[in-house]
Structures are given as C-alpha cells and as structure tokens.
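Structure first, then comments.
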Amino acid sequence: MSLYPSPAAHTVADYERAATERMSDDALSYIGGGAGNEITLRDNEAAWRRLALRPRALGAPAGAGTGVELLGVRRPHPVLIAPTAFARLTHPDGELGVARAAAATSTIMCLSTFASVSAAALAADVPDATRWFQLYVLADRGATRELVSAVAAHGYEALVVTVDRPVLGIRERELRAVVREAEALGHDRPIDTSAVIDPQLRWSDIEQLVADSPLPVLIKGVLTAEDAHLAAEHGAAGVIVSNHGGRQLDTVLAGADALPEVVDAVGDRLDVLVDGGIRRGTDVVKALALGARAVLIGRPTLWGLAVDGSAGVQRVLEILLAELENALTLVGAPRITDLDRSFLTAAPWAGSAR
Ligand code: FNR
Ligand code: LAC
C-alpha cells in the first residue's frame, strides 16, 4: 500500500520533498542535477518569481476555460509532459505510468528517444494518451528515419527535435554518483547516449528532416531570436524555448527570460512553447502572458512518479491544472488566450530573498 498521496501533499513542492526522501542518491543526482554551478538550474524557477501579476477585476467568470490551440489542434489545457529519459530509474511504472496519467488528465506526453520503453509498446499499452515523440537525431541516419516512420505509424502526433545536446553538459552531481542506469533498466552495461546522438547536426539536416517527416517538427532547445528565425526558415512548426532543465550549458538564460525575444521573433509564424522551472499554476499563466502557447514540465512528473507511480504523476498534473484554473480566474483573463504582457510587471521583490 502506498503512503501517498498524504494529506500533506498539496503542491508540486510537496512531491519534490517526498520524492527526495525516497529516491536513491543515484536517481536523485540524475534527475535533480544540472550543469556546472547549477546557476541556470536554480534560475529556471527563480525567473518566474521575478515576474509579478497585474490582475484585472471583474473580467473573468470562474472556470472560463484553459483551452488552447496547439499545432492547429484544440487542446483542453496548455500543460505538456516534457521528455525525460529512463523513467524506470524513478519507478517501475516508468513511462507507461506517465502515459496513463497523461491520458487521465488530457495531457500531451512527449516520449524521450531514451525512454525505458519503446514507442510502439507505449502506444499499444496506453493508446488513448496523446503522444509526441522527442527525437535525438542519431549519427545513423537510416536508424533515425526508421524511428521517425515507426513513431508516425504508432500514432505519435509530432516530432520534438532536441538541438541543445551535441555533447552532454558537465553535470557534476551525476559525475560524483554512480548512476546505475544499466541495472535499473535491465541492460548489462551503461547506456552511452552520447555515442549514438549525432554531434554534427546542422540546420540543413533539420530542413531534410522536416521534408521527410510525415509529422510536424518542433525544435527544442532554442534560446535566441536568431535560432528561432532559423527554425522558422527551415520549416519547423514550432520551437520550444528550453535550456534542458539547466542540464546542458550553465549560466544560459532561464526560459522565462529567453521567451520574450523568441515570441517577438517568430510568435506570429510558429507555436512557441517553453519549459524549465514551471512549478505553479501562476508560472503557467506568466508563460502564456509572455506569449507561449503551452508549457512543458520535466522534473515534477518524475517527482510524482517517484512518490506514487502513475497515480503520483496524475496528482501532480491535477494540482498544476487546478492551480492554473484558479490563477486564471483570479488574474481576470476571460480565456487563457486573452493573456498578454499587460498582465505582467517586473516584481518589486526581484533580487531580494523570497
Ligand atoms: C530531461 N530532459 C530531456 N530533454 C530531452 O529533449 N530529451 C531527454 O531525453 C531528456 N531527458 C531528461 C531527463 C531528466 C531526468 C530531466 C530532468 C530532463 C529535459 C526536459 O525535457 C526539460 O527540458 C526539462 O526537464 C524542463 O525543466 P524542468 O521542468 O525539469 O525544470
Ligand atoms: C538528459 C538527456 C538524456 O538530459 O537528454 O539526461
């Protein structure tokens, strides 16, 4: 019998604390760690807190709706599950548990190239989860093409091509821990993700991939207007403003700070999404007010998974969605799509202890 959800688990932070208590040191270092001094990792959360809300009174009937349009498709809400590798390291339910929680909350799940289940097995096991596939372009382009046709055949609706990992960031917590990925996943030796990802990927490859792909392509890991323009010019349907959860290059901008320039550059042509440090419904409101169409959450789903398997992931999503609805009504936006930058201002408390 599971001890959770306990009466004390009301927030994403409660799940983080509970997960920290029960995860192995190795899993904690892999999931919780970031690159270098972890300045970007910490700032991903802090950057949302540097924005204050400017609510409007009497503007929004309660429950006015969280619906958004994403890649031209109506969705009930703008929260997605970010791709995270090796979910079975966290809990035996793994990605199948995440997918069940996604289906129960009408959340799009983005499956990692390095998932601990195959794209086909997940599609067969949880057919009613809306699925996107995160693609690392492999040095073996034949294998990459096969992977793309397999995920399209199995009903995945978009490709998320991650471009911020030509090499692995220097993650010191991970270096200090012995990550027993292999053992947890039933392999006889560690999986060297860097050995298979193509470090030489170029924008011309993206153009080819878009031309070959039966699915719309989003580029994940964009932090500048320059790259957003290039993504648009090379045929992407969307960009995900992301620093990979602070795991790649330390001291790059947080998603919240990079988002405005990307929205200003391509927001009228592409769907702009953002991830990194989203822990509250108010963070989602701020992201959408800055011009994002949707947000992705990474670690919070893994904390839910660690605490209570699929039920924990579902509860984490329910908490965020309830907070989002509450914040939307209180900020006075009739519809989520009515949010704009007039609902935001620089927080007077930014820079002080919070
Ligand atoms: C990731 N992320 C990631 N991204 C990706 O494109 N492919 C992947 O396989 C992984 N794997 C992965 C594993 C773990 C343990 C974490 C924490 C993250 C990055 C992820 O998609 C997302 O960008 C961040 O996690 C978002 O930040 P938050 O929500 O974790 O703060
Ligand atoms: C990570 C890789 C798998 O962030 O993207 O761990």
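The way I read the labels, and the way they are meant: chains A, B, ... in the order of the structure tokens, residue 1 as the first residue of every chain, and ligand 1 as the first ligand shown, with later ones counted on from there.
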
Could you list, as a VMD selection string, every residue within 12 Å of Ile197 (chain A), counting only C-alpha atoms and ignoring same-chain residues fewer than 6 positions away?
chain A and resid 113 to 114 135 to 141 143 to 144 161 to 168 191

Find the residues near ligand 2. Use a cut-off of 7 Å, count only C-alpha atoms and all ligand atoms, and write them as a PyMOL selection string.
chain A and resi 84-85+114+193+244+247

For the residues selected in the previous step, produce a file with C-alpha atoms as a PDB file, in the first residue's frame.
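Saved file result.pdb follows:
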ATOM      1  CA  THR A  84      12.724  12.739 -19.756  1.00  0.00           C
ATOM      2  CA  ALA A  85      14.958   9.729 -20.336  1.00  0.00           C
ATOM      3  CA  PHE A 114      15.923   7.307 -24.467  1.00  0.00           C
ATOM      4  CA  THR A 193      23.621   8.256 -25.052  1.00  0.00           C
ATOM      5  CA  HIS A 244      17.163  21.399 -20.986  1.00  0.00           C
ATOM      6  CA  ARG A 247      21.437  20.326 -17.542  1.00  0.00           C
TER       7      ARG A 247
END

Got a sec: who's within 8 Å of Val295 (chain A), counting only C-alpha atoms, leaving out chain neighbours fewer than 2 positions off, as a PyMOL selection string?
chain A and resi 78-80+273-275+278+284+287+292-293+297

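For the atom pair formed by CA of Ala153 (chain A) and CA of Asp125 (chain A), the distance is 15.0 Å, given to one decimal.
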
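For the pair CA of Thr66 (chain A) and CA of Glu325 (chain A), the interatomic distance is 6.8 Å.
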
Ligand 1 proximity check over A:Ile219, A:Leu122, A:Ile108, A:Leu230, using only C-alpha atoms and all ligand atoms: winner is A:Ile219

Neighbouring residues of Ser116 (chain A) were defined as those with any atom within 8 Å, considering only C-alpha atoms; residues of the same chain fewer than 3 positions away were excluded. Please report them as a ChimeraX atom specification.
/A:85-88,94-95,185

Apply DSSP to the backbone of this structure and, from region 79-131 of chain A, keep only the residues in alpha helix (DSSP H); write these as number ranges by chain.
A: 94-104, 119-125

Ala82 (chain A) surroundings by only C-alpha atoms, 6 Å radius, close-in-sequence under 6 positions cut, as number ranges by chain:
A: 110, 296-298

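Distances from A:Leu302, A:Ala119, A:Leu147, A:Val196 to ligand 1 were compared using only C-alpha atoms and all ligand atoms, and the smallest one belongs to A:Leu302.
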
Distance query Leu328 (chain A) at most 10 Å, only C-alpha atoms, self and fewer than 3 positions along chain excluded, as a list in words
Pro55, Ala60, Pro61, Ala62, Gly63, Ala64, Gly65, Thr66, Gly281, Thr282, Val284, Val285, Ala322, Glu323, Leu324, Glu325, Val331, Gly332, Ala333, Pro334, Arg335, Ile336 and Leu339 of chain A

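CA of Leu320 (chain A) lies 19.1 Å from CA of Glu69 (chain A).
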
Residues at most 6 Å from Leu111 (chain A), counting only C-alpha atoms, excluding those fewer than 3 positions away in the same chain, as a PyMOL selection string?
chain A and resi 83+133-134

Selected residues written out with N, CA and C atoms, as a compact mmCIF listing (two decimals), in the first residue's frame:
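Okay, selection.txt is ready:
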# COMPACT_ATOMS: atom_id res chain seq x y z
N PRO A 83 9.88 15.53 -22.37
CA PRO A 83 10.57 14.24 -22.48
C PRO A 83 11.65 14.11 -21.43
N PHE A 133 6.74 12.62 -29.91
CA PHE A 133 7.99 11.88 -29.74
C PHE A 133 9.18 12.84 -29.80
N GLN A 134 10.03 12.77 -28.77
CA GLN A 134 11.25 13.59 -28.76
C GLN A 134 12.34 12.83 -29.49

Hey, what does DSSP flag as strand (DSSP E) within region 180-268 of chain A? Can you give it to me as a PDB file with C-alpha atoms, in the first residue's frame?
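This went into result.pdb:
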ATOM      1  CA  VAL A 217       8.509  19.190 -36.269  1.00  0.00           C
ATOM      2  CA  LEU A 218       9.200  21.315 -33.196  1.00  0.00           C
ATOM      3  CA  ILE A 219      12.731  22.389 -32.349  1.00  0.00           C
ATOM      4  CA  LYS A 220      13.528  22.022 -28.641  1.00  0.00           C
ATOM      5  CA  GLY A 221      16.378  23.952 -27.069  1.00  0.00           C
ATOM      6  CA  VAL A 222      16.075  27.396 -28.675  1.00  0.00           C
ATOM      7  CA  GLY A 238       7.150  25.248 -33.505  1.00  0.00           C
ATOM      8  CA  VAL A 239      10.010  25.947 -31.137  1.00  0.00           C
ATOM      9  CA  ILE A 240      10.437  25.028 -27.506  1.00  0.00           C
ATOM     10  CA  VAL A 241      12.321  27.657 -25.543  1.00  0.00           C
TER      11      VAL A 241
END

Option closest in space to ligand 1, from A:Ile206, A:Leu223, A:Ala52, A:Leu290 [counting only C-alpha atoms and all ligand atoms]:
A:Leu223

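The residue that comes closest to Ser118 (chain A), out of A:Leu96, A:Arg299, A:Ala103, A:Ser242 and on the basis of only C-alpha atoms, is A:Leu96.
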
In terms of the shortest atom-to-atom distance over only C-alpha atoms and all ligand atoms, which of A:Ser24, A:Thr329, A:Thr224, A:Asn44 is closest to ligand 1?
A:Asn44

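Of the listed residues (A:Gly59, A:Gly142, A:Pro348, A:Gly277), A:Gly277 comes nearest to ligand 1; the distances count only C-alpha atoms and all ligand atoms.
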